[in-house]
Each structure stands twice: as C-alpha cells, then as structure tokens.
file protein13.txt (compact mmCIF, C-alpha atoms)
# COMPACT_ATOMS: atom_id res chain seq x y z
CA MET Q 1 0.00 0.00 0.00
CA ALA Q 2 1.31 3.43 -0.90
CA ALA Q 3 1.33 6.14 1.72
CA ARG Q 4 -2.00 7.91 2.03
CA VAL Q 5 -0.36 11.31 2.48
CA PRO Q 6 2.51 12.80 0.50
CA TYR Q 7 5.94 12.74 2.08
CA LEU Q 8 7.03 16.33 2.52
CA ASN Q 9 10.49 17.68 1.79
CA ARG Q 10 12.19 20.60 3.46
CA GLU Q 11 11.09 22.95 0.66
CA ASP Q 12 7.44 22.00 1.23
CA LEU Q 13 7.53 23.44 4.74
CA ALA Q 14 6.95 27.03 5.75
CA GLU Q 15 10.23 28.91 6.16
CA ALA Q 16 9.92 28.90 9.97
CA ASP Q 17 9.46 25.10 10.02
CA ARG Q 18 12.39 24.19 7.77
CA VAL Q 19 14.70 24.13 10.77
CA ILE Q 20 12.99 20.86 11.78
CA PHE Q 21 14.38 19.14 8.69
CA ASP Q 22 17.73 20.95 9.00
CA ASN Q 23 18.16 19.61 12.54
CA LEU Q 24 17.04 16.11 11.55
CA ALA Q 25 19.41 16.03 8.58
CA ALA Q 26 22.31 17.15 10.80
CA GLU Q 27 21.49 14.54 13.48
CA ARG Q 28 20.77 11.65 11.12
CA GLY Q 29 23.39 11.98 8.41
CA GLY Q 30 21.38 14.00 5.92
CA THR Q 31 18.27 11.83 5.72
CA VAL Q 32 14.78 12.40 7.06
CA GLY Q 33 12.73 9.23 7.40
CA ASN Q 34 9.36 8.74 5.77
CA ILE Q 35 7.49 8.76 9.06
CA LEU Q 36 8.85 12.22 9.81
CA ARG Q 37 8.14 13.41 6.29
CA ALA Q 38 4.52 12.28 6.76
CA LEU Q 39 4.25 13.86 10.20
CA ALA Q 40 5.65 17.12 8.80
CA HIS Q 41 2.11 17.97 7.70
CA THR Q 42 1.66 18.93 11.37
CA PRO Q 43 4.95 20.68 12.22
CA ASN Q 44 3.91 21.72 15.74
CA LEU Q 45 3.07 18.13 16.62
CA LEU Q 46 6.19 16.85 14.84
CA ARG Q 47 8.35 19.01 17.10
CA ARG Q 48 6.77 17.48 20.19
CA PHE Q 49 6.90 13.97 18.69
CA LEU Q 50 10.63 14.38 18.09
CA GLY Q 51 11.19 15.71 21.59
CA LEU Q 52 9.41 12.86 23.32
CA GLY Q 53 10.81 10.20 20.99
CA GLY Q 54 14.34 11.52 21.42
CA GLU Q 55 14.00 11.59 25.19
CA LEU Q 56 12.68 8.01 25.26
CA ARG Q 57 15.45 6.75 22.98
CA ASN Q 58 18.40 8.69 24.33
CA ALA Q 59 17.82 9.93 27.87
CA THR Q 60 16.38 7.13 29.96
CA ALA Q 61 17.96 4.78 32.47
CA LEU Q 62 16.25 1.73 30.93
CA ASP Q 63 18.72 -0.69 29.35
CA PRO Q 64 18.63 0.03 25.58
CA LYS Q 65 18.52 -3.71 24.84
CA LEU Q 66 15.34 -4.09 26.92
CA ARG Q 67 13.86 -0.97 25.32
CA GLU Q 68 14.46 -2.25 21.81
CA LEU Q 69 13.10 -5.71 22.61
CA ALA Q 70 9.90 -4.03 23.77
CA ILE Q 71 9.70 -1.79 20.69
CA VAL Q 72 10.29 -4.55 18.13
CA THR Q 73 7.63 -6.54 19.95
CA VAL Q 74 5.15 -3.70 19.40
CA GLY Q 75 6.12 -3.53 15.72
CA ARG Q 76 5.82 -7.29 15.24
CA LEU Q 77 2.44 -7.58 16.97
CA THR Q 78 0.91 -4.74 14.97
CA ASP Q 79 2.51 -5.76 11.67
CA ALA Q 80 4.06 -2.30 11.41
CA GLN Q 81 6.95 -3.19 9.11
CA TYR Q 82 8.39 0.32 9.19
CA GLU Q 83 8.80 0.20 12.95
CA PHE Q 84 9.80 -3.45 13.02
CA VAL Q 85 12.61 -3.08 10.47
CA HIS Q 86 13.97 0.22 11.80
CA HIS Q 87 13.97 -1.03 15.38
CA TRP Q 88 15.32 -4.45 14.36
CA ASN Q 89 18.39 -2.55 13.17
CA LEU Q 90 18.54 -0.41 16.32
CA ALA Q 91 18.15 -3.53 18.44
CA ARG Q 92 21.08 -5.18 16.67
CA ARG Q 93 23.21 -2.09 17.37
CA VAL Q 94 22.53 -2.28 21.12
CA GLY Q 95 23.32 -5.99 21.42
CA VAL Q 96 20.10 -7.87 20.66
CA THR Q 97 21.06 -10.98 18.70
CA ARG Q 98 19.56 -12.07 15.40
CA GLU Q 99 18.50 -15.29 17.15
CA GLN Q 100 16.55 -13.29 19.70
CA LEU Q 101 14.83 -11.23 17.02
CA ASP Q 102 14.00 -14.35 15.03
CA SER Q 103 12.56 -15.95 18.20
CA LEU Q 104 10.28 -13.10 19.32
CA ALA Q 105 7.07 -14.95 18.48
CA ASP Q 106 8.13 -17.81 20.80
CA PHE Q 107 9.91 -15.73 23.43
CA ASP Q 108 8.35 -17.67 26.34
CA LYS Q 109 9.88 -20.95 25.17
CA SER Q 110 13.04 -19.69 23.48
CA GLN Q 111 16.40 -20.33 25.11
CA HIS Q 112 17.69 -17.09 23.58
CA PHE Q 113 16.12 -14.83 26.22
CA THR Q 114 16.86 -14.20 29.87
CA ASP Q 115 14.01 -14.12 32.39
CA GLN Q 116 14.30 -10.32 32.47
CA GLU Q 117 14.05 -10.04 28.69
CA ARG Q 118 11.02 -12.35 28.72
CA ALA Q 119 9.37 -10.19 31.37
CA VAL Q 120 9.85 -7.04 29.25
CA ILE Q 121 8.57 -8.73 26.09
CA ARG Q 122 5.59 -10.12 28.01
CA TYR Q 123 4.80 -6.60 29.24
CA ALA Q 124 4.97 -5.26 25.67
CA VAL Q 125 2.73 -8.08 24.41
CA GLU Q 126 0.07 -7.54 27.06
CA ALA Q 127 0.12 -3.73 26.85
CA THR Q 128 -0.10 -3.84 23.06
CA ASN Q 129 -2.68 -6.58 22.67
CA ASP Q 130 -4.86 -6.04 25.73
CA VAL Q 131 -3.88 -2.62 27.13
CA ARG Q 132 -4.40 -4.13 30.59
CA VAL Q 133 -1.37 -5.85 32.05
CA SER Q 134 -1.68 -8.73 34.48
CA ASP Q 135 -0.44 -8.38 38.04
CA ALA Q 136 1.96 -11.24 37.42
CA THR Q 137 3.50 -9.39 34.48
CA TRP Q 138 3.68 -6.06 36.33
CA TYR Q 139 5.17 -7.50 39.50
CA GLY Q 140 7.57 -9.57 37.43
CA LEU Q 141 9.11 -6.30 36.28
CA THR Q 142 9.52 -5.06 39.87
CA SER Q 143 11.91 -7.91 40.59
CA PHE Q 144 14.62 -6.28 38.47
CA LEU Q 145 13.50 -2.76 37.49
CA ASP Q 146 13.02 0.19 39.80
CA THR Q 147 9.98 2.42 39.45
CA ARG Q 148 11.76 4.87 37.16
CA ARG Q 149 12.79 2.15 34.70
CA ILE Q 150 9.35 0.55 34.79
CA MET Q 151 7.78 3.90 33.94
CA GLU Q 152 10.32 4.38 31.15
CA LEU Q 153 9.33 0.98 29.77
CA VAL Q 154 5.63 1.86 30.11
CA GLN Q 155 6.15 5.12 28.23
CA ASN Q 156 8.27 3.53 25.50
CA VAL Q 157 5.66 0.85 24.84
CA ALA Q 158 2.87 3.45 24.92
CA PHE Q 159 4.73 5.83 22.60
CA TYR Q 160 5.55 3.16 20.05
CA ASN Q 161 1.97 1.90 20.17
CA MET Q 162 1.02 5.45 19.18
CA VAL Q 163 3.67 5.40 16.45
CA VAL Q 164 2.33 2.20 14.87
CA ARG Q 165 -1.14 3.71 14.93
CA VAL Q 166 0.24 6.44 12.69
CA LEU Q 167 2.41 4.21 10.50
CA VAL Q 168 -0.15 1.57 9.63
CA PRO Q 169 -3.26 3.68 8.83
CA VAL Q 170 -1.17 6.25 6.92
CA GLY Q 171 0.67 3.49 5.06
CA VAL Q 172 4.16 4.85 5.73
CA GLU Q 173 6.61 2.87 3.62
CA LEU Q 174 10.18 1.90 4.35
CA GLU Q 175 12.69 4.13 2.67
CA PRO Q 176 14.23 2.61 -0.49
CA GLY Q 177 17.08 0.29 0.42
CA THR Q 178 16.10 -0.08 4.08
CA THR Q 179 16.40 -3.70 5.14
CA LYS Q 180 16.95 -5.68 8.33
CA ASN Q 181 20.67 -5.95 9.18

call {"tool": "encode", "arguments": {"input": "protein13.txt", "output": "structure tokens"}}
result
Amino acid sequence: MAARVPYLNREDLAEADRVIFDNLAAERGGTVGNILRALAHTPNLLRRFLGLGGELRNATALDPKLRELAIVTVGRLTDAQYEFVHHWNLARRVGVTREQLDSLADFDKSQHFTDQERAVIRYAVEATNDVRVSDATWYGLTSFLDTRRIMELVQNVAFYNMVVRVLVPVGVELEPGTTKN
C-alpha cells in the first residue's frame, strides 16, 4: 500500500518550520525518514513527537537492549513493518542478537532470552494486545526494574503503540534500500 499522504520535503515546509528538517538532517546523516516526512504535515506536533521520541530513545535509564526488545515486539504484533525493520536494526546495534529477534514470536519458550528479557517482552505483548497488564507481568518487572525504569518501559511501549497507529493507517513505507541488518 502506498502512503496515504505525501511525504514532505524541506522545501514544502513554511520557512519557519524548515529548521525541523535541518536539525534532523544534521542529526541523522542527511536523511529524514518517511514517518517524519509524513508527520511534517503537522509541524507543531512533529516538534513534540521528536522531543518525546528523542528523550525516550536517548535519555532514559532503561537498558537500551530491553527498550528495543519491547519496541520490536510492538512492531511485530501490529505488523508495522516500518517500525519493526527500523527497530530491528537499532536492536542489533545495542546488542540484541539475530537469534533473539528471530525468536520473538516464541519468546516464552526460546532459550535465547533471559528471564528479564522475557518479562519485558511479556509486558509489551500484554500492553499492546490487551492494554491491561496482568499483576503477574507487572510485578515480574519489579523484581529487576526500579519504578523509574518501569515507567520508562511503560512510556516507550505506549509511545511506540502510538507510532504504529500512525504508521499503519497512513501506510508509511520503508525508505528505499532499508532492510533488516
């Protein structure tokens, strides 16, 4: 499915909003991803989206490996290929193995995950599929995460559930040449 909205370029934005793309290009090696080009139709919201997303990705105490396992779980469960592929690659960069990523659907039985990783994935599954999370799942997290890290996990899973609910209905496509590493 093609995207349902045009992807904007820097020149499509009002002069005052072009700095958004300038900053993104500087931070990300000159490229602006399709999700951001679609969200650029609402520059005020895009600014806030980038702020919250950046904070969740770069300024939390939650182990990046646990964060990425949760995010790829959200992408897999919602069949949001854009999120799944991009975060597959981020997960690989922070130490998640290919075997783990290939075993996500059977995480409960797979030997490739620690009990802590299973607990995080289970949380992401329940929060994504059911919104409600069982007491067993919640209290399983408290055995190894403090309240701050639990709330960072909660907010990451919630944020990326919002992201997939933009990606999928809008039909945001992977950028040409983007593949799982």

call {"tool": "closest_residue", "arguments": {"input": "protein13.txt", "among": "Q:Gly53, Q:Gly29, Q:Pro43, Q:Pro169", "to": "Arg10 (chain Q)", "atoms": "all atoms listed in the file"}}
result
Q:Pro43

call {"tool": "residues_around", "arguments": {"input": "protein13.txt", "residues": "Asn156 (chain Q)", "least_positions_apart": "2", "cutoff": "8 Å", "atoms": "all atoms listed in the file", "output": "list in words"}}
result
Leu56, Arg67, Ala70, Ile71, Glu152, Leu153, Val154, Ala158, Phe159 and Tyr160 of chain Q

call {"tool": "residues_near_point", "arguments": {"input": "protein13.txt", "point": "(14.2, 3.2, 10.6)", "cutoff": "8 Å", "atoms": "all atoms listed in the file", "output": "VMD selection string"}}
result
chain Q and resid 33 82 to 83 85 to 87 89 174 178

call {"tool": "residues_around", "arguments": {"input": "protein13.txt", "residues": "Val168 (chain Q)", "least_positions_apart": "2", "cutoff": "10 Å", "atoms": "all atoms listed in the file", "output": "ChimeraX atom specification"}}
result
/Q:1,3,78-83,163-166,170-173

call {"tool": "atom_distance", "arguments": {"input": "protein13.txt", "atom1": "CA of Ala14 (chain Q)", "atom2": "CA of Thr42 (chain Q)"}}
result
11.2 Å

call {"tool": "axis_aligned_box", "arguments": {"input": "protein13.txt", "around": "region 3-8 of chain Q", "padding_each_side": "5 Å", "output": "JSON"}}
result
{"center_x": 2.5, "center_y": 11.2, "center_z": 1.5, "size_x": 19.0, "size_y": 20.2, "size_z": 12.0}

call {"tool": "closest_residue", "arguments": {"input": "protein13.txt", "among": "Q:Leu8, Q:Val96, Q:Ala61, Q:Ala124", "to": "Asn34 (chain Q)", "atoms": "all atoms listed in the file"}}
result
Q:Leu8

call {"tool": "atom_distance", "arguments": {"input": "protein13.txt", "atom1": "CA of Ala59 (chain Q)", "atom2": "CA of Leu101 (chain Q)"}}
result
24.0 Å

call {"tool": "closest_residue", "arguments": {"input": "protein13.txt", "among": "Q:Leu167, Q:Leu69, Q:Ser110, Q:Asp102", "to": "Leu90 (chain Q)", "atoms": "all atoms listed in the file"}}
result
Q:Leu69

call {"tool": "atom_distance", "arguments": {"input": "protein13.txt", "atom1": "CA of Gly54 (chain Q)", "atom2": "CA of Arg98 (chain Q)"}}
result
24.9 Å

call {"tool": "closest_residue", "arguments": {"input": "protein13.txt", "among": "Q:Tyr139, Q:Leu62, Q:Gly75, Q:Ile20", "to": "Phe49 (chain Q)", "atoms": "all atoms listed in the file"}}
result
Q:Ile20

call {"tool": "closest_atom_pairs", "arguments": {"input": "protein13.txt", "of": "region 141-160 of chain Q", "to": "region 116-123 of chain Q", "cutoff": "10 Å", "atoms": "all atoms listed in the file", "output": "tab-separated table"}}
result
residue	atom	partner	partner_atom	distance
Q:Leu141	CA	Q:Ala119	CA	6.3
Q:Thr142	CA	Q:Ala119	CA	9.9
Q:Ser143	CA	Q:Gln116	CA	8.8
Q:Phe144	CA	Q:Gln116	CA	7.2
Q:Leu145	CA	Q:Gln116	CA	9.1
Q:Ile150	CA	Q:Val120	CA	9.4
Q:Leu153	CA	Q:Val120	CA	8.1
Q:Val154	CA	Q:Tyr123	CA	8.5
Q:Val157	CA	Q:Tyr123	CA	8.7

call {"tool": "closest_residue", "arguments": {"input": "protein13.txt", "among": "Q:Asp63, Q:Pro176, Q:Thr31, Q:Leu24", "to": "Asp146 (chain Q)", "atoms": "all atoms listed in the file"}}
result
Q:Asp63

call {"tool": "closest_residue", "arguments": {"input": "protein13.txt", "among": "Q:Val94, Q:Glu55, Q:Pro6, Q:Thr60", "to": "Leu36 (chain Q)", "atoms": "all atoms listed in the file"}}
result
Q:Pro6

call {"tool": "build_atoms", "arguments": {"input": "protein13.txt", "residues": "region 41-52 of chain Q", "atoms": "all heavy atoms", "output": "PDB file, in the frame of the given file"}}
result
ATOM      1  N   HIS Q  41       3.351  17.249   8.011  1.00  0.00           N
ATOM      2  CA  HIS Q  41       2.110  17.970   7.700  1.00  0.00           C
ATOM      3  C   HIS Q  41       1.583  18.701   8.931  1.00  0.00           C
ATOM      4  O   HIS Q  41       0.765  19.610   8.798  1.00  0.00           O
ATOM      5  CB  HIS Q  41       1.044  16.998   7.169  1.00  0.00           C
ATOM      6  CG  HIS Q  41       1.339  16.507   5.792  1.00  0.00           C
ATOM      7  ND1 HIS Q  41       1.026  17.229   4.663  1.00  0.00           N
ATOM      8  CD2 HIS Q  41       1.935  15.364   5.357  1.00  0.00           C
ATOM      9  CE1 HIS Q  41       1.405  16.552   3.590  1.00  0.00           C
ATOM     10  NE2 HIS Q  41       1.975  15.420   3.989  1.00  0.00           N
ATOM     11  N   THR Q  42       2.031  18.285  10.102  1.00  0.00           N
ATOM     12  CA  THR Q  42       1.660  18.930  11.370  1.00  0.00           C
ATOM     13  C   THR Q  42       2.952  19.307  12.107  1.00  0.00           C
ATOM     14  O   THR Q  42       3.348  18.637  13.058  1.00  0.00           O
ATOM     15  CB  THR Q  42       0.791  17.996  12.227  1.00  0.00           C
ATOM     16  OG1 THR Q  42       1.488  16.748  12.393  1.00  0.00           O
ATOM     17  CG2 THR Q  42      -0.570  17.743  11.582  1.00  0.00           C
ATOM     18  N   PRO Q  43       3.627  20.370  11.668  1.00  0.00           N
ATOM     19  CA  PRO Q  43       4.950  20.680  12.220  1.00  0.00           C
ATOM     20  C   PRO Q  43       4.969  20.907  13.725  1.00  0.00           C
ATOM     21  O   PRO Q  43       5.942  20.525  14.389  1.00  0.00           O
ATOM     22  CB  PRO Q  43       5.402  21.919  11.444  1.00  0.00           C
ATOM     23  CG  PRO Q  43       4.208  22.408  10.716  1.00  0.00           C
ATOM     24  CD  PRO Q  43       3.224  21.300  10.626  1.00  0.00           C
ATOM     25  N   ASN Q  44       3.924  21.499  14.285  1.00  0.00           N
ATOM     26  CA  ASN Q  44       3.910  21.720  15.740  1.00  0.00           C
ATOM     27  C   ASN Q  44       3.913  20.398  16.483  1.00  0.00           C
ATOM     28  O   ASN Q  44       4.609  20.237  17.488  1.00  0.00           O
ATOM     29  CB  ASN Q  44       2.685  22.541  16.152  1.00  0.00           C
ATOM     30  CG  ASN Q  44       2.748  23.959  15.654  1.00  0.00           C
ATOM     31  OD1 ASN Q  44       3.766  24.399  15.125  1.00  0.00           O
ATOM     32  ND2 ASN Q  44       1.665  24.681  15.805  1.00  0.00           N
ATOM     33  N   LEU Q  45       3.108  19.445  15.988  1.00  0.00           N
ATOM     34  CA  LEU Q  45       3.070  18.130  16.620  1.00  0.00           C
ATOM     35  C   LEU Q  45       4.355  17.348  16.342  1.00  0.00           C
ATOM     36  O   LEU Q  45       4.830  16.603  17.209  1.00  0.00           O
ATOM     37  CB  LEU Q  45       1.854  17.342  16.135  1.00  0.00           C
ATOM     38  CG  LEU Q  45       0.496  17.942  16.511  1.00  0.00           C
ATOM     39  CD1 LEU Q  45      -0.629  17.150  15.890  1.00  0.00           C
ATOM     40  CD2 LEU Q  45       0.343  18.035  18.014  1.00  0.00           C
ATOM     41  N   LEU Q  46       4.932  17.518  15.164  1.00  0.00           N
ATOM     42  CA  LEU Q  46       6.190  16.850  14.840  1.00  0.00           C
ATOM     43  C   LEU Q  46       7.283  17.272  15.812  1.00  0.00           C
ATOM     44  O   LEU Q  46       8.054  16.433  16.288  1.00  0.00           O
ATOM     45  CB  LEU Q  46       6.614  17.127  13.393  1.00  0.00           C
ATOM     46  CG  LEU Q  46       7.975  16.565  12.965  1.00  0.00           C
ATOM     47  CD1 LEU Q  46       8.068  15.058  13.185  1.00  0.00           C
ATOM     48  CD2 LEU Q  46       8.260  16.927  11.514  1.00  0.00           C
ATOM     49  N   ARG Q  47       7.343  18.539  16.140  1.00  0.00           N
ATOM     50  CA  ARG Q  47       8.350  19.010  17.100  1.00  0.00           C
ATOM     51  C   ARG Q  47       8.218  18.271  18.429  1.00  0.00           C
ATOM     52  O   ARG Q  47       9.196  17.827  19.025  1.00  0.00           O
ATOM     53  CB  ARG Q  47       8.221  20.511  17.323  1.00  0.00           C
ATOM     54  CG  ARG Q  47       8.772  21.362  16.238  1.00  0.00           C
ATOM     55  CD  ARG Q  47       8.675  22.857  16.635  1.00  0.00           C
ATOM     56  NE  ARG Q  47       9.256  23.684  15.620  1.00  0.00           N
ATOM     57  CZ  ARG Q  47       8.584  24.177  14.572  1.00  0.00           C
ATOM     58  NH1 ARG Q  47       7.294  23.920  14.427  1.00  0.00           N
ATOM     59  NH2 ARG Q  47       9.199  24.934  13.688  1.00  0.00           N
ATOM     60  N   ARG Q  48       7.002  18.144  18.906  1.00  0.00           N
ATOM     61  CA  ARG Q  48       6.770  17.480  20.190  1.00  0.00           C
ATOM     62  C   ARG Q  48       7.031  15.965  20.081  1.00  0.00           C
ATOM     63  O   ARG Q  48       7.563  15.352  21.004  1.00  0.00           O
ATOM     64  CB  ARG Q  48       5.365  17.771  20.671  1.00  0.00           C
ATOM     65  CG  ARG Q  48       5.272  19.199  21.210  1.00  0.00           C
ATOM     66  CD  ARG Q  48       3.876  19.773  21.176  1.00  0.00           C
ATOM     67  NE  ARG Q  48       3.858  21.147  21.665  1.00  0.00           N
ATOM     68  CZ  ARG Q  48       4.177  22.217  20.944  1.00  0.00           C
ATOM     69  NH1 ARG Q  48       4.566  22.078  19.693  1.00  0.00           N
ATOM     70  NH2 ARG Q  48       4.128  23.425  21.450  1.00  0.00           N
ATOM     71  N   PHE Q  49       6.630  15.384  18.971  1.00  0.00           N
ATOM     72  CA  PHE Q  49       6.900  13.970  18.690  1.00  0.00           C
ATOM     73  C   PHE Q  49       8.398  13.708  18.764  1.00  0.00           C
ATOM     74  O   PHE Q  49       8.843  12.752  19.406  1.00  0.00           O
ATOM     75  CB  PHE Q  49       6.331  13.626  17.307  1.00  0.00           C
ATOM     76  CG  PHE Q  49       6.593  12.232  16.840  1.00  0.00           C
ATOM     77  CD1 PHE Q  49       5.685  11.211  17.094  1.00  0.00           C
ATOM     78  CD2 PHE Q  49       7.732  11.931  16.098  1.00  0.00           C
ATOM     79  CE1 PHE Q  49       5.914   9.918  16.644  1.00  0.00           C
ATOM     80  CE2 PHE Q  49       7.969  10.643  15.636  1.00  0.00           C
ATOM     81  CZ  PHE Q  49       7.050   9.637  15.921  1.00  0.00           C
ATOM     82  N   LEU Q  50       9.181  14.542  18.100  1.00  0.00           N
ATOM     83  CA  LEU Q  50      10.630  14.380  18.090  1.00  0.00           C
ATOM     84  C   LEU Q  50      11.220  14.546  19.488  1.00  0.00           C
ATOM     85  O   LEU Q  50      12.136  13.814  19.875  1.00  0.00           O
ATOM     86  CB  LEU Q  50      11.276  15.376  17.128  1.00  0.00           C
ATOM     87  CG  LEU Q  50      11.018  15.108  15.648  1.00  0.00           C
ATOM     88  CD1 LEU Q  50      11.441  16.310  14.806  1.00  0.00           C
ATOM     89  CD2 LEU Q  50      11.725  13.841  15.204  1.00  0.00           C
ATOM     90  N   GLY Q  51      10.694  15.496  20.237  1.00  0.00           N
ATOM     91  CA  GLY Q  51      11.190  15.710  21.590  1.00  0.00           C
ATOM     92  C   GLY Q  51      10.957  14.513  22.487  1.00  0.00           C
ATOM     93  O   GLY Q  51      11.871  14.027  23.161  1.00  0.00           O
ATOM     94  N   LEU Q  52       9.730  14.010  22.473  1.00  0.00           N
ATOM     95  CA  LEU Q  52       9.410  12.860  23.320  1.00  0.00           C
ATOM     96  C   LEU Q  52      10.137  11.608  22.828  1.00  0.00           C
ATOM     97  O   LEU Q  52      10.730  10.876  23.630  1.00  0.00           O
ATOM     98  CB  LEU Q  52       7.895  12.626  23.359  1.00  0.00           C
ATOM     99  CG  LEU Q  52       7.432  11.449  24.216  1.00  0.00           C
ATOM    100  CD1 LEU Q  52       7.921  11.568  25.656  1.00  0.00           C
ATOM    101  CD2 LEU Q  52       5.911  11.338  24.169  1.00  0.00           C
TER     102      LEU Q  52
END
